[in-house]
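Here's coords_13.txt, which has compact mmCIF, C-alpha atoms:
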# COMPACT_ATOMS: atom_id res chain seq x y z
CA MET A 1 13.82 37.09 24.13
CA HIS A 2 13.29 33.32 24.03
CA ALA A 3 16.25 30.98 24.50
CA TRP A 4 15.98 29.66 20.94
CA GLU A 5 16.17 33.22 19.62
CA GLN A 6 19.44 33.77 21.48
CA ILE A 7 20.93 30.67 19.91
CA GLN A 8 19.57 31.54 16.45
CA ILE A 9 21.37 34.88 16.62
CA THR A 10 24.67 33.04 17.03
CA VAL A 11 23.80 30.47 14.35
CA ASP A 12 23.22 33.34 11.92
CA TYR A 13 26.45 34.99 13.05
CA ILE A 14 28.42 31.79 12.47
CA GLU A 15 27.05 31.47 8.93
CA GLU A 16 28.14 35.00 8.10
CA HIS A 17 31.65 34.61 9.56
CA LEU A 18 32.75 31.12 8.47
CA SER A 19 35.93 32.49 6.91
CA LYS A 20 37.01 34.14 10.17
CA GLU A 21 38.03 32.94 13.61
CA ILE A 22 34.91 32.24 15.66
CA ARG A 23 35.36 32.08 19.41
CA ILE A 24 32.90 30.54 21.82
CA ASP A 25 33.30 33.35 24.34
CA GLU A 26 32.27 35.86 21.68
CA LEU A 27 29.25 33.76 20.69
CA ALA A 28 28.22 33.42 24.33
CA LYS A 29 28.47 37.19 24.77
CA LEU A 30 26.36 37.67 21.64
CA ALA A 31 23.70 35.38 23.16
CA SER A 32 23.97 37.14 26.56
CA LEU A 33 24.83 33.84 28.27
CA SER A 34 27.79 32.43 30.13
CA GLN A 35 30.01 30.14 28.07
CA PHE A 36 28.86 27.16 30.12
CA TYR A 37 25.13 27.72 29.61
CA TYR A 38 25.58 28.85 26.03
CA GLN A 39 27.31 25.61 25.05
CA ARG A 40 24.74 23.47 26.89
CA LEU A 41 21.85 25.30 25.25
CA PHE A 42 23.48 25.14 21.82
CA ILE A 43 23.90 21.36 22.03
CA ARG A 44 20.32 20.97 23.21
CA LEU A 45 18.83 23.00 20.34
CA VAL A 46 21.26 22.38 17.47
CA LYS A 47 22.17 18.79 18.42
CA ARG A 48 25.89 19.39 17.94
CA PRO A 49 28.69 20.97 20.01
CA VAL A 50 29.51 24.49 18.85
CA ASN A 51 32.93 23.79 17.35
CA ASP A 52 31.69 20.64 15.65
CA TYR A 53 28.81 22.60 14.12
CA ILE A 54 31.15 25.34 12.88
CA LYS A 55 33.39 22.72 11.20
CA LEU A 56 30.44 21.05 9.47
CA ARG A 57 29.06 24.33 8.16
CA ARG A 58 32.53 25.25 6.85
CA LEU A 59 32.67 21.92 5.05
CA ALA A 60 29.22 22.51 3.59
CA LYS A 61 30.36 25.88 2.25
CA ALA A 62 33.58 24.35 0.92
CA SER A 63 31.70 21.63 -0.98
CA GLU A 64 29.82 24.37 -2.87
CA VAL A 65 33.00 26.29 -3.75
CA LEU A 66 34.79 23.10 -4.86
CA GLN A 67 32.50 23.04 -7.90
CA ASP A 68 34.62 25.90 -9.28
CA LYS A 69 37.71 24.08 -10.55
CA SER A 70 39.52 27.35 -11.22
CA THR A 71 40.00 27.91 -7.47
CA ARG A 72 42.84 26.11 -5.72
CA ILE A 73 41.81 23.75 -2.94
CA LEU A 74 44.22 25.45 -0.54
CA ASP A 75 42.54 28.80 -1.24
CA ILE A 76 39.13 27.24 -0.59
CA ALA A 77 40.37 25.76 2.69
CA LEU A 78 41.60 29.14 3.87
CA GLU A 79 38.50 30.93 2.58
CA VAL A 80 36.17 28.81 4.76
CA GLY A 81 38.29 29.02 7.88
CA PHE A 82 40.65 26.01 7.84
CA SER A 83 44.27 26.64 8.74
CA SER A 84 45.86 24.39 6.11
CA HIS A 85 45.24 22.09 3.15
CA GLU A 86 45.98 19.08 5.36
CA THR A 87 43.51 20.07 8.08
CA PHE A 88 40.81 20.71 5.51
CA THR A 89 41.42 17.43 3.65
CA ARG A 90 41.35 15.41 6.86
CA ALA A 91 38.07 17.00 8.00
CA PHE A 92 36.47 16.61 4.55
CA LYS A 93 37.43 12.94 4.28
CA GLU A 94 36.20 12.25 7.81
CA ALA A 95 32.82 13.86 7.09
CA PHE A 96 32.12 12.63 3.56
CA GLY A 97 34.36 9.61 2.97
CA VAL A 98 36.18 11.24 0.03
CA THR A 99 38.95 13.82 -0.24
CA PRO A 100 38.30 17.27 -1.72
CA GLU A 101 40.35 16.21 -4.77
CA GLU A 102 38.25 13.07 -5.26
CA TYR A 103 35.02 15.02 -4.82
CA ARG A 104 36.10 17.65 -7.34
CA ALA A 105 37.09 14.99 -9.88
CA HIS A 106 33.89 12.97 -9.41
CA PRO A 107 31.22 15.25 -7.86
CA VAL A 108 28.33 13.57 -6.06
CA ARG A 109 25.54 14.97 -3.91
CA LEU A 110 26.58 15.13 -0.26
CA ASN A 111 24.56 14.99 2.94
CA GLN A 112 25.33 18.21 4.79
CA PHE A 113 24.56 19.36 8.31
CA VAL A 114 21.89 21.95 7.51
CA LYS A 115 21.89 25.35 9.19
CA PRO A 116 18.94 25.13 11.62
CA LEU A 117 15.97 27.45 11.57
CA LEU A 118 14.90 27.21 15.20
CA LEU A 119 11.77 29.27 14.64
CA LEU A 120 10.21 26.18 13.03
CA ASN A 121 10.39 24.35 16.36
CA TYR A 122 8.31 26.95 18.20
CA THR A 123 5.87 28.45 15.69
CA LEU A 124 2.47 26.96 14.90
CA VAL A 125 0.38 28.10 11.94
CA ASP A 126 -3.18 27.26 10.98
CA GLU A 127 -4.01 25.34 7.85
CA SER A 128 -3.73 27.33 4.62
CA VAL A 129 -1.73 30.08 6.36
CA PRO A 130 1.78 30.49 4.86
CA LEU A 131 4.70 30.44 7.28
CA ILE A 132 7.51 32.72 6.16
CA ALA A 133 10.76 32.23 8.03
CA ASP A 134 14.20 33.28 6.84
CA ASP A 135 14.80 31.32 3.62
CA ILE A 136 11.71 29.11 3.59
CA VAL A 137 8.03 29.64 2.84
CA LEU A 138 5.70 26.74 3.58
CA GLU A 139 1.99 26.12 3.82
CA ILE A 140 0.02 23.18 5.23
CA THR A 141 -3.31 22.07 3.81
CA ARG A 142 -5.44 18.92 3.67
CA ARG A 143 -5.88 16.98 0.45
CA LYS A 144 -8.20 14.06 -0.26
CA LEU A 145 -7.60 11.35 -2.84
CA SER A 146 -10.83 9.75 -4.03
CA SER A 147 -8.95 6.89 -5.72
CA PRO A 148 -5.46 5.37 -5.42
CA GLN A 149 -2.51 6.68 -7.42
CA TYR A 150 0.22 4.34 -8.64
CA PHE A 151 3.97 4.80 -9.03
CA ILE A 152 6.80 2.70 -10.50
CA GLY A 153 10.47 3.13 -9.61
CA LEU A 154 13.45 1.86 -7.66
CA THR A 155 14.14 1.29 -3.96
CA THR A 156 17.14 1.24 -1.66
CA GLU A 157 17.59 0.43 2.01
CA GLU A 158 20.04 2.02 4.41
CA PRO A 159 20.55 2.63 8.15
CA ILE A 160 18.16 5.08 9.75
CA ASP A 161 21.05 7.05 11.22
CA GLN A 162 22.22 7.78 7.66
CA MET A 163 18.86 9.29 6.69
CA PRO A 164 19.41 12.71 5.08
CA GLY A 165 18.60 15.54 7.45
CA GLY A 166 19.26 13.43 10.52
CA GLY A 167 22.64 15.02 11.13
CA ALA A 168 24.83 12.41 9.44
CA THR A 169 27.25 13.46 6.72
CA GLY A 170 28.50 11.50 3.73
CA VAL A 171 27.57 10.74 0.14
CA ASP A 172 23.85 11.18 -0.57
CA THR A 173 22.84 7.66 -1.65
CA LEU A 174 19.26 8.79 -2.29
CA GLY A 175 20.52 11.20 -4.93
CA LYS A 176 22.25 8.25 -6.61
CA LEU A 177 18.97 6.30 -6.53
CA TRP A 178 17.17 9.17 -8.26
CA ASP A 179 19.91 9.34 -10.90
CA ASP A 180 19.56 5.60 -11.54
CA PHE A 181 15.78 5.95 -11.82
CA HIS A 182 16.01 8.77 -14.35
CA GLU A 183 18.48 6.76 -16.44
CA ASN A 184 15.93 3.93 -16.63
CA LYS A 185 12.74 6.01 -16.74
CA ALA A 186 12.32 6.03 -20.52
CA ALA A 187 12.26 2.23 -20.62
CA ILE A 188 9.57 1.79 -17.94
CA GLN A 189 6.16 0.82 -19.24
CA ASN A 190 2.86 2.31 -18.01
CA LEU A 191 4.29 5.65 -16.82
CA LYS A 192 2.02 8.66 -17.26
CA HIS A 193 3.22 11.42 -19.57
CA ASP A 194 4.24 14.39 -17.33
CA GLY A 195 3.09 12.50 -14.23
CA ASP A 196 4.41 13.53 -10.82
CA GLU A 197 7.52 11.95 -9.32
CA LEU A 198 7.48 10.54 -5.81
CA GLY A 199 10.01 9.76 -3.10
CA VAL A 200 8.79 7.69 -0.14
CA ALA A 201 10.58 6.83 3.12
CA TYR A 202 9.08 3.89 5.00
CA SER A 203 9.95 0.99 7.31
CA GLY A 204 12.89 -1.21 6.36
CA THR A 205 13.05 -4.99 6.31
CA LYS A 206 15.29 -5.13 9.40
CA ASP A 207 15.72 -3.22 12.63
CA GLY A 208 17.57 0.07 12.35
CA TYR A 209 16.99 0.42 8.60
CA TYR A 210 14.51 2.28 6.42
CA ARG A 211 13.59 1.90 2.77
CA TYR A 212 13.28 4.66 0.18
CA PHE A 213 11.32 4.51 -3.06
CA ALA A 214 12.00 6.87 -5.99
CA GLY A 215 9.64 6.72 -8.94
CA ALA A 216 7.05 8.30 -11.20
CA GLU A 217 3.29 8.17 -11.62
CA ALA A 218 1.88 5.26 -13.64
CA GLU A 219 -1.41 4.29 -15.25
CA SER A 220 -1.24 0.97 -13.39
CA ILE A 221 1.25 -1.32 -11.67
CA ASP A 222 -0.11 -4.58 -13.06
CA GLU A 223 2.47 -7.13 -14.16
CA ILE A 224 5.45 -4.98 -13.11
CA THR A 225 8.34 -7.33 -12.27
CA ASP A 226 11.64 -5.50 -12.88
CA TYR A 227 10.87 -2.42 -10.80
CA SER A 228 9.44 -1.48 -7.42
CA THR A 229 5.94 -0.06 -7.05
CA TRP A 230 4.13 2.22 -4.62
CA GLU A 231 0.43 2.81 -4.18
CA LEU A 232 -0.67 6.12 -2.74
CA SER A 233 -3.96 4.96 -1.29
CA GLU A 234 -7.20 6.90 -1.28
CA GLY A 235 -7.96 8.97 1.79
CA GLU A 236 -7.10 12.27 3.48
CA TYR A 237 -3.54 13.60 3.62
CA ILE A 238 -1.78 16.43 5.38
CA VAL A 239 0.20 18.24 2.66
CA CYS A 240 3.08 20.64 3.30
CA SER A 241 3.95 22.71 0.22
CA PHE A 242 7.16 24.74 0.07
CA GLU A 243 9.65 26.38 -2.29
CA ALA A 244 13.35 27.16 -2.47
CA GLU A 245 15.58 29.33 -4.63
CA ASP A 246 16.99 26.35 -6.57
CA PHE A 247 16.94 22.56 -6.65
CA GLU A 248 19.97 22.01 -4.42
CA HIS A 249 18.49 24.17 -1.66
CA LEU A 250 15.12 22.50 -2.20
CA VAL A 251 16.28 18.91 -1.57
CA MET A 252 19.32 19.51 0.66
CA ASP A 253 17.99 22.25 2.93
CA ALA A 254 14.32 23.23 2.62
CA LEU A 255 13.13 19.61 2.52
CA TYR A 256 14.72 18.75 5.86
CA LYS A 257 13.47 21.91 7.53
CA ALA A 258 9.94 21.28 6.26
CA GLN A 259 10.03 17.64 7.39
CA LYS A 260 11.20 18.67 10.84
CA TYR A 261 8.42 21.23 11.07
CA VAL A 262 5.72 18.78 9.99
CA PHE A 263 6.80 15.84 12.17
CA ASP A 264 8.28 17.59 15.21
CA THR A 265 6.03 20.63 15.53
CA TRP A 266 2.83 20.70 13.44
CA LEU A 267 1.52 17.14 13.78
CA PRO A 268 2.23 16.75 17.54
CA ASN A 269 0.66 20.12 18.32
CA HIS A 270 -2.48 19.10 16.44
CA GLY A 271 -2.67 15.78 18.27
CA LEU A 272 -1.99 13.83 15.08
CA ILE A 273 0.13 10.75 14.46
CA SER A 274 1.13 9.90 10.91
CA MET A 275 1.05 6.51 9.23
CA PRO A 276 4.55 4.94 8.96
CA PHE A 277 5.58 6.54 5.67
CA ALA A 278 6.45 10.02 4.41
CA VAL A 279 6.00 11.09 0.81
CA GLU A 280 7.99 13.69 -1.13
CA ARG A 281 6.01 14.76 -4.20
CA TYR A 282 7.55 16.65 -7.12
CA ALA A 283 6.26 17.78 -10.49
CA SER A 284 9.74 16.56 -11.43
CA HIS A 285 12.74 15.56 -9.34
CA SER A 286 15.07 17.44 -11.68
CA SER A 287 17.52 20.32 -11.48
CA GLU A 288 14.81 22.72 -12.65
CA ALA A 289 12.51 21.99 -9.71
CA THR A 290 12.12 24.70 -7.06
CA SER A 291 8.97 23.51 -5.28
CA MET A 292 7.62 20.27 -3.84
CA GLU A 293 5.20 18.80 -1.30
CA ILE A 294 5.39 16.48 1.70
CA TRP A 295 2.37 14.17 2.04
CA VAL A 296 1.56 12.31 5.24
CA MET A 297 -1.55 10.33 6.12
CA PRO A 298 -2.74 10.80 9.70
CA GLU A 299 -3.81 7.76 11.65
CA PRO A 300 -7.57 7.65 12.34
CA LYS A 301 -8.41 9.09 15.74
CA GLN A 302 -9.73 6.55 18.22
Have the structure of the file written as structure tokens, please.
Amino acid sequence: MHAWEQIQITVDYIEEHLSKEIRIDELAKLASLSQFYYQRLFIRLVKRPVNDYIKLRRLAKASEVLQDKSTRILDIALEVGFSSHETFTRAFKEAFGVTPEEYRAHPVRLNQFVKPLLLLNYTLVDESVPLIADDIVLEITRRKLSSPQYFIGLTTEEPIDQMPGGGATGVDTLGKLWDDFHENKAAIQNLKHDGDELGVAYSGTKDGYYRYFAGAEAESIDEITDYSTWELSEGEYIVCSFEAEDFEHLVMDALYKAQKYVFDTWLPNHGLISMPFAVERYASHSSEATSMEIWVMPEPKQ
């Protein structure tokens, strides 16, 4: 058994036992490792200490249950493994910047620490061969645009260390940007009827920051002054297509796993370097969406 498989066994175990006491010595035994080596290997592969990871996954589960206002917050705290209302509230506020009560009263999308799927770090598939792993199915192909495509929308800029999927927790500001775009979409001129919607992460205007564009396909971007624009230039792209069971899992779980696979595993192992932007392409960035694509343009080989 590979080392990552031993850690994945315990990651799966943790997810199934969040409501119970989880002891490191029991996890180490499950992985057939000493506690010392188990904790070192866990940090190396999951990028978080074991107890910190358990707390963040409990908070992720709690944020889902908090949507049900008929359940008392104390009961939710106990259900996901916290010892008291106070301990739960303190951990929730520290992770997301709001209390459980505030989140329940004014729900927003939250950046969670996603349960890792370590298989994606060590499995390489050929083009047009689906990769099926746990709760994600993805496929990588090449696509060629013979002419540019244009998009109109909104942009925001934030620190790179707050980028969703990077391990940071807090309010999902990109979700707010998409909400703002959809509120304004009907008033934007030149948009195509039923055109695709696009999210693009690219270099920021200052060190340590990145910019994110959220918009929809347009006939042209001529004379656009009140909104941001993006041109998806002609050329060849690497396209990763994938699906999820619902929209929340699509954008808050599957997206980050697919991005990690494309950038950390697939491209490097094919000797490819991508241009400094990453595109998320949706038929619609709406609650009905269950599939999407990641588009990256490889740099020309020297």
(request) Fewer than 3 positions away in the same chain doesn't count, so skip those; otherwise give me all residues within 12 Å of A:Val98, counting only C-alpha atoms, as a list in words. (result)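 Final neighbour list, sorted by chain and number: Ser63, Phe88, Thr89, Arg90, Ala91, Phe92, Lys93, Glu94, Ala95, Glu101, Glu102, Tyr103, Arg104, Ala105, His106, Pro107, Val108, Arg109, Leu110, Thr169, Gly170 and Val171 of chain A.
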(message) As an exercise, work out the distance from atom CA of A:Glu231 to atom CA of A:Leu250 in Å and give it to one decimal place.
(response)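 Computing it gives 24.6 Å between the two atoms.
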(request) Report the distance between atom CA of A:Gln8 and atom CA of A:Leu124 in Å, rounded to one decimal place. (result) 17.8 Å
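Interatomic distance, atom CA of A:Glu26 to atom CA of A:Leu41: 15.3 Å.
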(request) Considering all atoms listed in the file, state which residue in the set A:Tyr210, A:Tyr261, A:Trp295, A:Tyr53 is at the smallest distance from A:Ile160. (result) A:Tyr210
(request) Can you work out which one of A:Ile76, A:Val129, A:Cys240, A:Val200 has the shortest atom-to-atom distance to A:Lys260, counting all atoms listed in the file? (result)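 Looking at the shortest contact to A:Lys260, the residue is A:Cys240.
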(request) Determine the nearest neighbour of A:Val262 from the options A:Pro298, A:Gly175, A:Pro100, A:Gly199, counting all atoms listed in the file. (result) A:Pro298
(message) Residues near stretch 140-144 of chain A, anyone? I mean within 10 Å using only C-alpha atoms, not counting same-chain ones fewer than 2 positions away, as a PyMOL selection string.
(response) chain A and resi 125-131+138+146-147+234-242+262+266+293-297
(message) Neighbouring residues of stretch 155-158 of chain A were defined as those with any atom within 12 Å, considering only C-alpha atoms; residues of the same chain fewer than 2 positions away were excluded. Please report them as an MDAnalysis selection string.
(response) chainID A and resid 151:153 160:164 172:178 180:181 198:215 226:230
(request) Determine the nearest neighbour of A:Glu5 from the options A:Ser83, A:Leu118, A:Leu78, A:Ser34, counting all atoms listed in the file. (result)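 Of A:Ser83, A:Leu118, A:Leu78, A:Ser34, the one nearest A:Glu5 is A:Leu118, counting all atoms listed in the file.
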(request) Tell me, as a PyMOL selection string, which residues lie within 10 Å of A:Gly81, counting all atoms listed in the file; anything in the same chain fewer than 2 positions away does not count. (result) chain A and resi 17-22+54-55+58-59+62+76-79+83-84+88
(message) Residues near A:Asp25, anyone? I mean within 10 Å using all atoms listed in the file, not counting same-chain ones fewer than 5 positions away, as a PyMOL selection string.
(response) chain A and resi 30-31+33-36+38-39
(request) Determine the nearest neighbour of A:Gly195 from the options A:Ala258, A:Ile9, A:Ile14, A:Ala283, counting all atoms listed in the file. (result)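 With all atoms listed in the file as the atom set, the closest residue is A:Ala283.
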(request) Select, from A:Thr71, A:Thr123, A:Ser286, A:Ser274, the residue with the minimum atom-to-atom distance to A:Phe247, counting all atoms listed in the file. (result)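 When distances to A:Phe247 are compared using all atoms listed in the file, the smallest one comes from A:Ser286.
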Can you rebuild stretch 240-274 of chain A with N, CA and C atoms and give it as a CSV table (one decimal), in the frame of the given file?
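What follows is the written file part.csv:
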chain,number,residue,atom,x,y,z
A,240,CYS,N,2.2,19.5,3.0
A,240,CYS,CA,3.1,20.6,3.3
A,240,CYS,C,3.7,21.0,2.0
A,241,SER,N,3.4,22.2,1.5
A,241,SER,CA,4.0,22.7,0.2
A,241,SER,C,5.0,23.8,0.6
A,242,PHE,N,6.1,23.7,-0.2
A,242,PHE,CA,7.2,24.7,0.1
A,242,PHE,C,8.0,24.9,-1.2
A,243,GLU,N,8.8,26.0,-1.2
A,243,GLU,CA,9.6,26.4,-2.3
A,243,GLU,C,11.0,26.7,-1.8
A,244,ALA,N,12.0,26.7,-2.8
A,244,ALA,CA,13.4,27.2,-2.5
A,244,ALA,C,13.9,27.9,-3.7
A,245,GLU,N,15.0,28.5,-3.5
A,245,GLU,CA,15.6,29.3,-4.6
A,245,GLU,C,16.1,28.5,-5.8
A,246,ASP,N,16.5,27.3,-5.5
A,246,ASP,CA,17.0,26.4,-6.6
A,246,ASP,C,16.9,24.9,-6.1
A,247,PHE,N,17.2,24.0,-7.0
A,247,PHE,CA,16.9,22.6,-6.6
A,247,PHE,C,17.8,22.1,-5.5
A,248,GLU,N,19.1,22.5,-5.5
A,248,GLU,CA,20.0,22.0,-4.4
A,248,GLU,C,19.5,22.4,-3.0
A,249,HIS,N,19.0,23.7,-2.9
A,249,HIS,CA,18.5,24.2,-1.7
A,249,HIS,C,17.1,23.5,-1.4
A,250,LEU,N,16.4,23.1,-2.4
A,250,LEU,CA,15.1,22.5,-2.2
A,250,LEU,C,15.3,21.1,-1.5
A,251,VAL,N,16.2,20.3,-2.1
A,251,VAL,CA,16.3,18.9,-1.6
A,251,VAL,C,17.3,18.7,-0.5
A,252,MET,N,18.3,19.7,-0.3
A,252,MET,CA,19.3,19.5,0.7
A,252,MET,C,19.2,20.5,1.8
A,253,ASP,N,18.2,21.3,1.8
A,253,ASP,CA,18.0,22.2,2.9
A,253,ASP,C,16.5,22.4,3.3
A,254,ALA,N,15.7,23.0,2.3
A,254,ALA,CA,14.3,23.2,2.6
A,254,ALA,C,13.5,22.0,3.0
A,255,LEU,N,13.8,20.9,2.3
A,255,LEU,CA,13.1,19.6,2.5
A,255,LEU,C,13.3,19.2,4.0
A,256,TYR,N,14.5,19.2,4.5
A,256,TYR,CA,14.7,18.8,5.9
A,256,TYR,C,14.1,19.7,6.9
A,257,LYS,N,14.1,21.0,6.6
A,257,LYS,CA,13.5,21.9,7.5
A,257,LYS,C,12.0,21.7,7.5
A,258,ALA,N,11.4,21.5,6.3
A,258,ALA,CA,9.9,21.3,6.3
A,258,ALA,C,9.5,20.0,6.9
A,259,GLN,N,10.3,18.9,6.7
A,259,GLN,CA,10.0,17.6,7.4
A,259,GLN,C,10.1,17.8,8.9
A,260,LYS,N,11.1,18.5,9.4
A,260,LYS,CA,11.2,18.7,10.8
A,260,LYS,C,10.0,19.4,11.4
A,261,TYR,N,9.6,20.4,10.6
A,261,TYR,CA,8.4,21.2,11.1
A,261,TYR,C,7.2,20.4,11.1
A,262,VAL,N,6.9,19.6,10.1
A,262,VAL,CA,5.7,18.8,10.0
A,262,VAL,C,5.7,17.7,11.1
A,263,PHE,N,6.8,17.0,11.3
A,263,PHE,CA,6.8,15.8,12.2
A,263,PHE,C,7.1,16.2,13.6
A,264,ASP,N,7.9,17.2,13.8
A,264,ASP,CA,8.3,17.6,15.2
A,264,ASP,C,7.4,18.7,15.8
A,265,THR,N,6.8,19.5,15.0
A,265,THR,CA,6.0,20.6,15.5
A,265,THR,C,4.5,20.6,15.2
A,266,TRP,N,4.2,20.5,13.9
A,266,TRP,CA,2.8,20.7,13.4
A,266,TRP,C,1.9,19.5,13.8
A,267,LEU,N,2.4,18.3,13.5
A,267,LEU,CA,1.5,17.1,13.8
A,267,LEU,C,1.3,16.9,15.3
A,268,PRO,N,2.4,16.9,16.1
A,268,PRO,CA,2.2,16.8,17.5
A,268,PRO,C,1.3,17.8,18.2
A,269,ASN,N,1.5,19.1,17.7
A,269,ASN,CA,0.7,20.1,18.3
A,269,ASN,C,-0.8,20.1,17.9
A,270,HIS,N,-1.1,19.3,16.9
A,270,HIS,CA,-2.5,19.1,16.4
A,270,HIS,C,-3.0,17.7,16.9
A,271,GLY,N,-2.2,17.1,17.7
A,271,GLY,CA,-2.7,15.8,18.3
A,271,GLY,C,-2.8,14.7,17.2
A,272,LEU,N,-1.9,14.8,16.2
A,272,LEU,CA,-2.0,13.8,15.1
A,272,LEU,C,-0.8,12.9,15.0
A,273,ILE,N,-1.0,11.7,14.7
A,273,ILE,CA,0.1,10.8,14.5
A,273,ILE,C,0.0,10.3,13.0
A,274,SER,N,1.2,10.3,12.3
A,274,SER,CA,1.1,9.9,10.9
A,274,SER,C,1.3,8.4,10.7
